[in-house]
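Below is one structure; the comments refer to it alone.
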Amino acid sequence: MERRGLDEVLARGYFGMGPEVLAFENELLQFLRDGREASLSQLGVACVSTGTSALHLAGQAIGLQPGDEVLVPTFTYVASFQAVSATGAIPVACDVDPRTGLLDFQDAARRVTARTKAVLYVHYAGEPGDLDSLYAFSARFGLRTIEDAAHSFGGAFRGRRIGTLGDVVCFSFDAIKNLTSGEGGAVVTSDAQVLRLVKAARRLGLDETTQDVYAQGWRYHMSDLMAAIGRAQLARFSAELAPKRVALANQYAARLSVVSGVEPLPRSPESVPHIFPVRVLAGKRDGVRAALADARIETGLHYRPNHLLAYYRRDGAPLPAAEKLYAELLTLPLHPGLLPADVDEVVDIIAKALT
């Protein structure tokens, strides 16, 4: 399907942002609404070039200015921090819940100052966590909220699709995400002003209505080539791609439940997992990783806490839960091309390495 979509765009001869992007946005909107058109009539989607550009434009659209502060869990890919600093605002690293890798609201509350303008909440590994608590936290301190949902496309919270519940939600569609357009992302919001600003800023600030420029913009639009891939992926998502990820994650969880010394992070039954991280206890993480590498099985360490990176190190203050979690965490293979036999092989090697 992806090849057919690309061939159609190539035959038309226009590869920039055109009818394919518009069709992809409309199809994404229908997917996210999931039959709730009336209650979600204000929801809008703007496709962009990457997930990072989605976060950057979301921050710009909510009005972040140089010197503003944004609360961000330290346990995330550096793109979340880079998107904030690209606006001139300051990402303030917060600790995480050691069980989930998600934002610790108590720690975040201690870091709120008069300059705090927003919270950038990360759906680590595809888990939304408690979005009710997130928005109660934002309301308590009068903050705008950006959800970095790069890992959680297709998941839900209390029966509603991720992307439809919050302030501003950003997805990534890069090559390894739940849904890919080769490269790309999207900003989803019911805030008409934010959506208008994002759509203008993705095309060098050019306002779609007036064809004038009022603010700084960027060349962040999605191409029709990328949208064609995304549309084909979306057509396969519910019946094929998402169920495969969920089934593989369930198999990992069942097999690992009887292996002592390794603990998968908790998963919601409504989530569609992007990666499958586990905690390897008692200091044995590196040994398990080496055993898998010897079998030519690639693993990951997602992610090095951002407060430990040179560019974002502020005062050297530790974030103990995140640092402990990082020392234990190992990401196992998870993608739609994986076979059940592959999962069994991975778990068998882990079990042997821990005996």
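Ligands are numbered from 1 in the order shown, chains are lettered A, B, ... in the order of the structure tokens, and residues start at 1 in each chain.
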Which of stretch 98-319 of chain A counts as strand (DSSP E) under DSSP, as a tab-separated table (two decimals) with C-alpha atoms, in the first residue's frame please?
chain	number	residue	atom	x	y	z
A	116	THR	CA	6.90	28.55	34.79
A	117	LYS	CA	4.53	28.73	31.83
A	118	ALA	CA	3.92	25.14	30.76
A	119	VAL	CA	4.43	21.46	31.39
A	120	LEU	CA	5.62	19.16	28.61
A	121	TYR	CA	4.35	15.73	29.61
A	122	VAL	CA	5.93	12.66	27.98
A	144	ARG	CA	-0.43	25.30	29.46
A	145	THR	CA	0.09	21.62	28.70
A	146	ILE	CA	1.86	20.00	25.78
A	147	GLU	CA	1.65	16.21	25.61
A	148	ASP	CA	4.62	14.58	23.92
A	156	ALA	CA	-6.47	5.51	24.61
A	157	PHE	CA	-7.25	6.84	28.07
A	160	ARG	CA	-10.88	8.04	24.29
A	161	ARG	CA	-8.03	8.21	21.81
A	168	VAL	CA	-1.98	20.46	22.77
A	169	VAL	CA	-0.82	16.95	21.81
A	170	CYS	CA	2.12	16.10	19.56
A	171	PHE	CA	2.80	12.88	17.66
A	172	SER	CA	5.86	11.59	15.84
A	185	GLY	CA	4.73	14.48	13.01
A	186	ALA	CA	1.49	16.19	13.92
A	187	VAL	CA	0.07	18.76	16.31
A	188	VAL	CA	-3.45	18.03	17.55
A	189	THR	CA	-5.53	20.58	19.46
A	262	VAL	CA	13.49	-8.67	35.57
A	263	GLU	CA	10.37	-6.49	35.70
A	264	PRO	CA	8.53	-4.98	32.70
A	276	PHE	CA	9.23	-2.49	25.57
A	277	PRO	CA	11.50	-1.42	28.45
A	278	VAL	CA	12.18	-3.70	31.39
A	279	ARG	CA	14.01	-3.18	34.68
A	280	VAL	CA	16.86	-5.63	35.21
Enumerate as JSON, numbers by chain all residues of stretch 231-322 of chain A assigned to alpha helix (DSSP H) by DSSP on the backbone, naming them with the chain letters and numbers the document uses.
{"A": [231, 232, 233, 234, 235, 236, 242, 243, 244, 245, 246, 247, 248, 249, 250, 251, 252, 253, 254, 255, 256, 285, 286, 287, 288, 289, 290, 291, 292, 293, 294, 320, 321, 322]}
Spatial neighbours of stretch 203-215 of chain A, 12 Å, only C-alpha atoms, chain gap at least 5 places, as number ranges by chain:
A: 16-17, 46-49, 53, 57, 60-61, 63, 193, 195-198, 220-223
Selection near stretch 127-132 of chain A, 12 Å with only C-alpha atoms, sequence-local residues under 2 positions removed, as a PDB file with N, CA and C atoms, in the first residue's frame:
ATOM      1  N   VAL A  96      11.054  11.422  37.886  1.00  0.00           N
ATOM      2  CA  VAL A  96       9.988  10.570  37.383  1.00  0.00           C
ATOM      3  C   VAL A  96       9.583   9.552  38.436  1.00  0.00           C
ATOM      4  N   ASP A  97       8.432   8.960  38.220  1.00  0.00           N
ATOM      5  CA  ASP A  97       7.992   7.831  39.027  1.00  0.00           C
ATOM      6  C   ASP A  97       8.879   6.637  38.658  1.00  0.00           C
ATOM      7  N   ARG A  99       8.561   3.574  38.961  1.00  0.00           N
ATOM      8  CA  ARG A  99       7.844   2.394  38.470  1.00  0.00           C
ATOM      9  C   ARG A  99       7.477   2.528  37.003  1.00  0.00           C
ATOM     10  N   THR A 100       7.282   3.762  36.534  1.00  0.00           N
ATOM     11  CA  THR A 100       6.718   3.972  35.202  1.00  0.00           C
ATOM     12  C   THR A 100       7.596   4.786  34.265  1.00  0.00           C
ATOM     13  N   GLY A 101       8.490   5.604  34.807  1.00  0.00           N
ATOM     14  CA  GLY A 101       9.251   6.535  33.983  1.00  0.00           C
ATOM     15  C   GLY A 101       8.489   7.794  33.627  1.00  0.00           C
ATOM     16  N   LEU A 102       7.269   7.948  34.170  1.00  0.00           N
ATOM     17  CA  LEU A 102       6.448   9.122  33.879  1.00  0.00           C
ATOM     18  C   LEU A 102       6.694  10.227  34.907  1.00  0.00           C
ATOM     19  N   LEU A 103       6.288  11.437  34.563  1.00  0.00           N
ATOM     20  CA  LEU A 103       6.524  12.614  35.390  1.00  0.00           C
ATOM     21  C   LEU A 103       6.057  12.418  36.829  1.00  0.00           C
ATOM     22  N   ASP A 104       6.923  12.771  37.773  1.00  0.00           N
ATOM     23  CA  ASP A 104       6.578  12.789  39.192  1.00  0.00           C
ATOM     24  C   ASP A 104       5.982  14.159  39.495  1.00  0.00           C
ATOM     25  N   PHE A 105       4.669  14.218  39.720  1.00  0.00           N
ATOM     26  CA  PHE A 105       3.997  15.503  39.896  1.00  0.00           C
ATOM     27  C   PHE A 105       4.440  16.211  41.174  1.00  0.00           C
ATOM     28  N   TYR A 121       4.556  17.036  28.990  1.00  0.00           N
ATOM     29  CA  TYR A 121       4.354  15.731  29.610  1.00  0.00           C
ATOM     30  C   TYR A 121       4.622  14.635  28.586  1.00  0.00           C
ATOM     31  N   VAL A 122       5.493  13.693  28.926  1.00  0.00           N
ATOM     32  CA  VAL A 122       5.925  12.664  27.980  1.00  0.00           C
ATOM     33  C   VAL A 122       5.225  11.337  28.267  1.00  0.00           C
ATOM     34  N   HIS A 123       4.651  10.741  27.226  1.00  0.00           N
ATOM     35  CA  HIS A 123       4.019   9.427  27.310  1.00  0.00           C
ATOM     36  C   HIS A 123       5.107   8.370  27.102  1.00  0.00           C
ATOM     37  N   TYR A 124       5.896   8.126  28.126  1.00  0.00           N
ATOM     38  CA  TYR A 124       7.048   7.239  27.966  1.00  0.00           C
ATOM     39  C   TYR A 124       6.616   5.814  27.632  1.00  0.00           C
ATOM     40  N   ALA A 125       7.232   5.253  26.578  1.00  0.00           N
ATOM     41  CA  ALA A 125       6.998   3.874  26.121  1.00  0.00           C
ATOM     42  C   ALA A 125       5.574   3.629  25.641  1.00  0.00           C
ATOM     43  N   LEU A 134      -2.587  14.874  35.432  1.00  0.00           N
ATOM     44  CA  LEU A 134      -1.809  15.849  34.667  1.00  0.00           C
ATOM     45  C   LEU A 134      -2.572  17.171  34.554  1.00  0.00           C
ATOM     46  N   TYR A 135      -3.837  17.097  34.144  1.00  0.00           N
ATOM     47  CA  TYR A 135      -4.578  18.339  33.917  1.00  0.00           C
ATOM     48  C   TYR A 135      -5.010  19.000  35.220  1.00  0.00           C
ATOM     49  N   ALA A 136      -5.150  18.223  36.282  1.00  0.00           N
ATOM     50  CA  ALA A 136      -5.376  18.826  37.595  1.00  0.00           C
ATOM     51  C   ALA A 136      -4.128  19.589  38.041  1.00  0.00           C
ATOM     52  N   PHE A 137      -2.953  19.031  37.767  1.00  0.00           N
ATOM     53  CA  PHE A 137      -1.689  19.699  38.083  1.00  0.00           C
ATOM     54  C   PHE A 137      -1.575  21.002  37.293  1.00  0.00           C
ATOM     55  N   SER A 138      -1.847  20.957  35.998  1.00  0.00           N
ATOM     56  CA  SER A 138      -1.755  22.153  35.161  1.00  0.00           C
ATOM     57  C   SER A 138      -2.729  23.229  35.624  1.00  0.00           C
ATOM     58  N   ALA A 139      -3.939  22.827  35.971  1.00  0.00           N
ATOM     59  CA  ALA A 139      -4.930  23.790  36.451  1.00  0.00           C
ATOM     60  C   ALA A 139      -4.501  24.407  37.778  1.00  0.00           C
ATOM     61  N   THR A 145      -0.383  23.003  28.709  1.00  0.00           N
ATOM     62  CA  THR A 145       0.089  21.624  28.699  1.00  0.00           C
ATOM     63  C   THR A 145       0.331  21.161  27.273  1.00  0.00           C
ATOM     64  N   ILE A 146       1.532  20.659  27.037  1.00  0.00           N
ATOM     65  CA  ILE A 146       1.857  19.998  25.776  1.00  0.00           C
ATOM     66  C   ILE A 146       2.121  18.529  26.098  1.00  0.00           C
ATOM     67  N   GLU A 147       1.399  17.642  25.448  1.00  0.00           N
ATOM     68  CA  GLU A 147       1.653  16.213  25.614  1.00  0.00           C
ATOM     69  C   GLU A 147       2.568  15.738  24.495  1.00  0.00           C
ATOM     70  N   ASP A 148       3.735  15.227  24.879  1.00  0.00           N
ATOM     71  CA  ASP A 148       4.622  14.584  23.923  1.00  0.00           C
ATOM     72  C   ASP A 148       4.160  13.129  23.818  1.00  0.00           C
ATOM     73  N   ALA A 149       3.301  12.884  22.847  1.00  0.00           N
ATOM     74  CA  ALA A 149       2.702  11.559  22.661  1.00  0.00           C
ATOM     75  C   ALA A 149       3.379  10.825  21.508  1.00  0.00           C
ATOM     76  N   ALA A 150       4.669  11.095  21.305  1.00  0.00           N
ATOM     77  CA  ALA A 150       5.414  10.459  20.216  1.00  0.00           C
ATOM     78  C   ALA A 150       5.379   8.944  20.309  1.00  0.00           C
ATOM     79  N   HIS A 151       5.282   8.407  21.543  1.00  0.00           N
ATOM     80  CA  HIS A 151       5.305   6.963  21.741  1.00  0.00           C
ATOM     81  C   HIS A 151       3.919   6.330  21.766  1.00  0.00           C
ATOM     82  N   SER A 152       2.855   7.106  21.770  1.00  0.00           N
ATOM     83  CA  SER A 152       1.566   6.528  22.147  1.00  0.00           C
ATOM     84  C   SER A 152       0.471   6.643  21.102  1.00  0.00           C
ATOM     85  N   PHE A 153       0.829   6.858  19.830  1.00  0.00           N
ATOM     86  CA  PHE A 153      -0.223   6.952  18.819  1.00  0.00           C
ATOM     87  C   PHE A 153      -1.046   5.661  18.811  1.00  0.00           C
ATOM     88  N   GLY A 154      -2.355   5.829  18.770  1.00  0.00           N
ATOM     89  CA  GLY A 154      -3.272   4.700  18.701  1.00  0.00           C
ATOM     90  C   GLY A 154      -3.782   4.227  20.035  1.00  0.00           C
ATOM     91  N   GLY A 155      -3.144   4.683  21.120  1.00  0.00           N
ATOM     92  CA  GLY A 155      -3.599   4.304  22.447  1.00  0.00           C
ATOM     93  C   GLY A 155      -4.793   5.134  22.887  1.00  0.00           C
ATOM     94  N   ALA A 156      -5.284   4.819  24.082  1.00  0.00           N
ATOM     95  CA  ALA A 156      -6.465   5.513  24.606  1.00  0.00           C
ATOM     96  C   ALA A 156      -6.328   5.698  26.109  1.00  0.00           C
ATOM     97  N   PHE A 157      -7.144   6.612  26.634  1.00  0.00           N
ATOM     98  CA  PHE A 157      -7.249   6.839  28.070  1.00  0.00           C
ATOM     99  C   PHE A 157      -8.728   6.967  28.403  1.00  0.00           C
ATOM    100  N   ARG A 158      -9.207   6.078  29.259  1.00  0.00           N
ATOM    101  CA  ARG A 158     -10.626   6.023  29.626  1.00  0.00           C
ATOM    102  C   ARG A 158     -11.534   5.980  28.388  1.00  0.00           C
ATOM    103  N   ARG A 160     -11.025   7.018  25.330  1.00  0.00           N
ATOM    104  CA  ARG A 160     -10.883   8.045  24.286  1.00  0.00           C
ATOM    105  C   ARG A 160      -9.464   8.051  23.762  1.00  0.00           C
ATOM    106  N   ARG A 161      -9.331   8.239  22.454  1.00  0.00           N
ATOM    107  CA  ARG A 161      -8.028   8.205  21.812  1.00  0.00           C
ATOM    108  C   ARG A 161      -7.079   9.249  22.413  1.00  0.00           C
ATOM    109  N   ILE A 162      -5.824   8.844  22.557  1.00  0.00           N
ATOM    110  CA  ILE A 162      -4.788   9.817  22.894  1.00  0.00           C
ATOM    111  C   ILE A 162      -4.766  10.879  21.800  1.00  0.00           C
ATOM    112  N   GLY A 163      -4.751  12.124  22.201  1.00  0.00           N
ATOM    113  CA  GLY A 163      -4.808  13.236  21.252  1.00  0.00           C
ATOM    114  C   GLY A 163      -6.095  14.020  21.340  1.00  0.00           C
ATOM    115  N   THR A 164      -7.113  13.434  21.959  1.00  0.00           N
ATOM    116  CA  THR A 164      -8.425  14.091  21.988  1.00  0.00           C
ATOM    117  C   THR A 164      -8.786  14.634  23.364  1.00  0.00           C
ATOM    118  N   LEU A 165      -7.940  14.441  24.357  1.00  0.00           N
ATOM    119  CA  LEU A 165      -8.322  14.764  25.726  1.00  0.00           C
ATOM    120  C   LEU A 165      -7.719  16.049  26.242  1.00  0.00           C
ATOM    121  N   GLY A 166      -6.662  16.549  25.615  1.00  0.00           N
ATOM    122  CA  GLY A 166      -5.859  17.548  26.272  1.00  0.00           C
ATOM    123  C   GLY A 166      -5.814  18.904  25.617  1.00  0.00           C
ATOM    124  N   ASP A 167      -4.792  19.645  25.981  1.00  0.00           N
ATOM    125  CA  ASP A 167      -4.557  21.010  25.527  1.00  0.00           C
ATOM    126  C   ASP A 167      -3.944  20.982  24.130  1.00  0.00           C
ATOM    127  N   VAL A 169      -1.426  18.286  21.831  1.00  0.00           N
ATOM    128  CA  VAL A 169      -0.824  16.950  21.811  1.00  0.00           C
ATOM    129  C   VAL A 169      -0.001  16.801  20.541  1.00  0.00           C
ATOM    130  N   LEU A 265       7.960  -2.607  32.761  1.00  0.00           N
ATOM    131  CA  LEU A 265       7.238  -1.457  33.278  1.00  0.00           C
ATOM    132  C   LEU A 265       5.738  -1.711  33.122  1.00  0.00           C
ATOM    133  N   PRO A 266       4.935  -1.183  34.029  1.00  0.00           N
ATOM    134  CA  PRO A 266       3.486  -1.428  33.943  1.00  0.00           C
ATOM    135  C   PRO A 266       2.897  -0.859  32.662  1.00  0.00           C
ATOM    136  N   ARG A 267       1.905  -1.566  32.126  1.00  0.00           N
ATOM    137  CA  ARG A 267       1.254  -1.150  30.888  1.00  0.00           C
ATOM    138  C   ARG A 267      -0.248  -1.078  31.080  1.00  0.00           C
ATOM    139  N   SER A 268      -0.848  -0.063  30.485  1.00  0.00           N
ATOM    140  CA  SER A 268      -2.303   0.051  30.468  1.00  0.00           C
ATOM    141  C   SER A 268      -2.867  -0.850  29.378  1.00  0.00           C
ATOM    142  N   PRO A 269      -4.005  -1.486  29.608  1.00  0.00           N
ATOM    143  CA  PRO A 269      -4.614  -2.304  28.551  1.00  0.00           C
ATOM    144  C   PRO A 269      -5.083  -1.483  27.357  1.00  0.00           C
ATOM    145  N   GLU A 270      -5.146  -0.159  27.506  1.00  0.00           N
ATOM    146  CA  GLU A 270      -5.569   0.695  26.390  1.00  0.00           C
ATOM    147  C   GLU A 270      -4.395   1.232  25.571  1.00  0.00           C
ATOM    148  N   SER A 271      -3.171   0.921  25.979  1.00  0.00           N
ATOM    149  CA  SER A 271      -2.023   1.493  25.288  1.00  0.00           C
ATOM    150  C   SER A 271      -1.621   0.654  24.086  1.00  0.00           C
ATOM    151  N   VAL A 272      -0.949   1.311  23.129  1.00  0.00           N
ATOM    152  CA  VAL A 272      -0.280   0.625  22.024  1.00  0.00           C
ATOM    153  C   VAL A 272       1.208   0.904  22.221  1.00  0.00           C
ATOM    154  N   PRO A 273       1.984  -0.075  22.707  1.00  0.00           N
ATOM    155  CA  PRO A 273       3.363   0.202  23.109  1.00  0.00           C
ATOM    156  C   PRO A 273       4.277   0.506  21.934  1.00  0.00           C
ATOM    157  N   HIS A 274       5.129   1.487  22.129  1.00  0.00           N
ATOM    158  CA  HIS A 274       6.128   1.835  21.113  1.00  0.00           C
ATOM    159  C   HIS A 274       7.423   1.071  21.353  1.00  0.00           C
ATOM    160  N   ILE A 275       7.890   1.046  22.594  1.00  0.00           N
ATOM    161  CA  ILE A 275       9.062   0.271  22.975  1.00  0.00           C
ATOM    162  C   ILE A 275       8.689  -0.600  24.169  1.00  0.00           C
ATOM    163  N   PHE A 276       9.527  -1.602  24.450  1.00  0.00           N
ATOM    164  CA  PHE A 276       9.231  -2.489  25.574  1.00  0.00           C
ATOM    165  C   PHE A 276      10.416  -2.465  26.539  1.00  0.00           C
ATOM    166  N   PRO A 277      10.424  -1.488  27.472  1.00  0.00           N
ATOM    167  CA  PRO A 277      11.504  -1.418  28.451  1.00  0.00           C
ATOM    168  C   PRO A 277      11.226  -2.311  29.656  1.00  0.00           C
TER     169      PRO A 277
END
Contacts of A:Gln251 at 10 Å or less, counting only C-alpha atoms, minus same-chain residues fewer than 5 places along, as a list in words?
Arg245, Val246, Leu256, Ser257, Pro340, Val343, Asp344 and Val347 of chain A
Residues of stretch 52-136 of chain A at most 7 Å from stretch 302-308 of chain A: nearest atom pair and distance in Å, only C-alpha atoms, as a tab-separated table:
residue	atom	partner	partner_atom	distance
A:Thr74	CA	A:Asn306	CA	5.0
A:Phe75	CA	A:Pro305	CA	4.8
A:Thr76	CA	A:Tyr303	CA	5.8
A:Tyr77	CA	A:Tyr303	CA	6.0
A:Val78	CA	A:Asn306	CA	6.4
A:Ala93	CA	A:His307	CA	6.0
